[in-house]
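A quick write-up on the structure given underneath.
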Amino acid sequence: MNNIESVIICRCEEVTYGQLLSTAEKHQCTARELKLRTRAGMGFCGGRTCRVTVDRIVESAIPNISQAEIPLKYQPPIRPVSFGTVGDNIE
Amino acid sequence: MTDVIVIGAGPAGLAGAIACAQSGLKTVVIDEFIKPGGRLLGQLHEKPSGEWWNGIKESDRLTKEAQDLSVNIRCGVSVYNLEKEANKWSVHTNKGTLSASFVLIATGAAEYPIPLPGWTLPGVMSIGAAQVMTNVHRVQVGKKGIIIGANILAFAILNELQLAGIHVERIVLPEKGPLSGKAGVPNEVLKSLTDASKLAPSSFLRLGGRLMKSDGLRKMAIKFFPKNGVKMNGTPLLLRKAAVEIIGDQQVEGVRVADIDAEGKIILGSEKIYEADFVCIAGGLYPLAELAAVAGCPFQYIPELGGHVPHHSEIMETPLDGLFVAGNITGIESGKVAMAQGTTAGYSIAKRAGKGGIIDDLLQQAVQNVRTVREQAAIQFHPEINDGRKKIYEQWEELYTKKQNEYDDVKIG
Ligand SMILES: Cc1cc2nc3c(=O)[nH]c(=O)nc-3n(C[C@H](O)[C@H](O)[C@H](O)COP(=O)(O)OP(=O)(O)OC[C@H]3O[C@@H](n4cnc5c(N)ncnc54)[C@H](O)[C@@H]3O)c2cc1C
């Protein structure tokens, strides 16, 4: 149903379910590659809303992969921070 | 000089800080919210004993106890990275970097989203957001609501919304699909509700629990599940209806629902619209473990605990020297269990820091207390929590204790 395909999954980068699913199916890729290809989870919030959904899409698009095998990979910063904050050490 | 940095001022973090400070360690607690208390702040329910569990009071009590012990509680500070530098942990925050030999991560849990058409409309929120707005900020989220998702968290918060005089019209399931998983399958939902029935806030489910342990009976129950639902304190729980779309032009105006069979399949031609001005999506909780991950802690996926949890022992240590965890980051459980785990972690840190005296006894008592509180918990998020706990502790034995023993043998021999 088109209705479902047009559901926004990543709100920051406005990536839809349809885009994510077709990319995952076409490339049979890891969650990381799916993010790099679509920019889902790479916006301002750093994937705090869509991350688990992106993992579930990978799980549903790739046969024989389960949540257990999707590694929990996080990169700092895990919260939005300004360049000033990461650049200087404000004591 | 700070000895211990606690990340998260929920029940686990505050209890941990109290135990550390009582043992003579200089302790700082950091939390990104404006007030200490974590998820406790939203909680209000009547216990089976008839007493009330008032999370705000509990938070105030813990905060005062910590402050009386000179714990420095800093709110509005977000931790964005955690790394080991020169034998100490560096905790990077938006207000600068702190360092200490010991860190306790007690960052709690986050909610699973369930995306569906229309979920970006104003007026759609997670069930946890409705709780925070109602009980923490005292803002009325709407006049007529629908909850999508039937689980213990949804029922607990439904009850809180009702207490605040906010009208929730119905609880329906999400449409079955890859993004909703078992939450869209009536049989599965009934199974998880009846397994947790001794704790469920409805006498129907409480009675049903014992009856419906067998699969056959459960299927029958779903088949005969009343079309108008079972009332949860006045709000119908509709296990045979699924939300297909949230509709509205500028904001939520209603939810399009369809009848579903016991496996969640939509019955064609059964669609109708329920009016609403707010919608809460209840997808359940998972441990919020980002900081343990960036610190380099290994993980295990344990569905009974809610998702990926950092490797840890029953005394709350992780494989990384000086790094401890407590509360919902180790698995989804009630606030009281989180508190008991925090105390354990606090004494565990004190022991590691070389505090002698009665610390061994205190630690043992604390571990025992976690078990007791778990047994008696008034709210249980996963019926197989004990299996999940067993898995993670056995794994710890396998991976870390045995190795340690071998290492000790070598050293002695
Ligand atoms: C929406 C929701 C509703 C719940 N309702 C109930 C209920 O009704 N009854 C019940 O028994 N349990 C409930 N729980 C379970 C609840 O998580 C536990 O009861 C308990 O609060 C867990 O305690 P905790 O200390 O582990 O974490 P929390 O209480 O969640 O505290 C964690 C704290 O860490 C802070 N934090 C997280 N990350 C960072 C960071 N990077 N930097 C700085 N600070 C950070 C957060 O701001 C938060 O204050 C609910 C949980 C949620 C998410």
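To be explicit about the labels: the chains of the structure tokens are called A, B, and onward in the order shown, and within each one the residues are counted from 1, while ligands get numbers from 1 in the order they are shown.
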Chain A residues near chain B (7 Å cut-off, only C-alpha atoms) as a ChimeraX atom specification: /A:3-4,7,9,53,56,60,68,72-79,81,85,89-91
List as a tab-separated table every residue of chain B that is in contact with ligand 1, defined as an atom at most 7 Å from one of its atoms (using only C-alpha atoms and all ligand atoms), together with the nearest atom pair and the distance in Å rounded to one decimal, sorted by chain and then rising number.
residue	atom	partner	partner_atom_place_in_ligand_line	distance
B:Ile7	CA	ligand 1	44 (N)	5.7
B:Gly8	CA	ligand 1	34 (O)	3.2
B:Ala9	CA	ligand 1	33 (C)	5.0
B:Gly10	CA	ligand 1	31 (O)	3.4
B:Pro11	CA	ligand 1	25 (O)	4.1
B:Ala12	CA	ligand 1	25 (O)	3.7
B:Gly13	CA	ligand 1	25 (O)	5.3
B:Ile30	CA	ligand 1	43 (C)	5.8
B:Asp31	CA	ligand 1	44 (N)	3.6
B:Glu32	CA	ligand 1	43 (C)	4.1
B:Phe33	CA	ligand 1	47 (O)	4.7
B:Pro36	CA	ligand 1	49 (O)	6.3
B:Gly37	CA	ligand 1	49 (O)	6.0
B:Gly38	CA	ligand 1	49 (O)	3.2
B:Arg39	CA	ligand 1	29 (O)	3.7
B:Leu40	CA	ligand 1	21 (O)	4.8
B:Gly42	CA	ligand 1	5 (N)	6.9
B:Gln43	CA	ligand 1	8 (O)	4.8
B:Leu44	CA	ligand 1	8 (O)	6.8
B:Val77	CA	ligand 1	43 (C)	5.8
B:Ser78	CA	ligand 1	42 (N)	3.8
B:Val79	CA	ligand 1	42 (N)	3.9
B:Tyr80	CA	ligand 1	41 (N)	5.7
B:Ala106	CA	ligand 1	26 (O)	5.3
B:Thr107	CA	ligand 1	34 (O)	3.7
B:Gly108	CA	ligand 1	27 (O)	3.2
B:Ala109	CA	ligand 1	53 (C)	5.0
B:Ala110	CA	ligand 1	53 (C)	5.1
B:Glu111	CA	ligand 1	53 (C)	6.0
B:Ile127	CA	ligand 1	1 (C)	6.5
B:Gly128	CA	ligand 1	1 (C)	3.4
B:Ala129	CA	ligand 1	1 (C)	6.7
B:Gln131	CA	ligand 1	1 (C)	6.7
B:Leu153	CA	ligand 1	5 (N)	5.9
B:Ala156	CA	ligand 1	8 (O)	5.3
B:Ile157	CA	ligand 1	8 (O)	6.3
B:Leu285	CA	ligand 1	53 (C)	6.2
B:Leu291	CA	ligand 1	41 (N)	6.8
B:Ala326	CA	ligand 1	26 (O)	6.3
B:Gly327	CA	ligand 1	26 (O)	3.3
B:Asn328	CA	ligand 1	26 (O)	3.8
B:Ile329	CA	ligand 1	26 (O)	6.0
B:Ile332	CA	ligand 1	15 (C)	6.6
B:Glu333	CA	ligand 1	15 (C)	6.0
B:Ser334	CA	ligand 1	11 (O)	3.4
B:Gly335	CA	ligand 1	19 (O)	3.0
B:Lys336	CA	ligand 1	11 (O)	6.6
B:Ala338	CA	ligand 1	23 (O)	5.0
B:Met339	CA	ligand 1	25 (O)	6.8
B:Ile379	CA	ligand 1	11 (O)	5.8
Filtered DSSP result for range 57-205 of chain B, state strand (DSSP E), as a count of residues only: 43
Contacts of Gly47 in chain A within 9 Å, only C-alpha atoms, excl. fewer than 5 positions in-chain, as a ChimeraX atom specification: /A:10,12,40-42,52
Restricted to C-alpha atoms, what would the selected residues look like written as a tab-separated table (two decimals), in the first residue's frame?
chain	number	residue	atom	x	y	z
A	10	CYS	CA	13.60	9.66	9.72
A	12	CYS	CA	15.27	15.04	10.44
A	40	ALA	CA	18.29	8.17	7.65
A	41	GLY	CA	19.54	8.64	11.20
A	42	MET	CA	22.19	11.13	10.09
A	52	VAL	CA	15.40	1.11	15.99
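Note that CA of Asn135 in chain B and CA of Gly55 in chain B are 9.5 Å apart.
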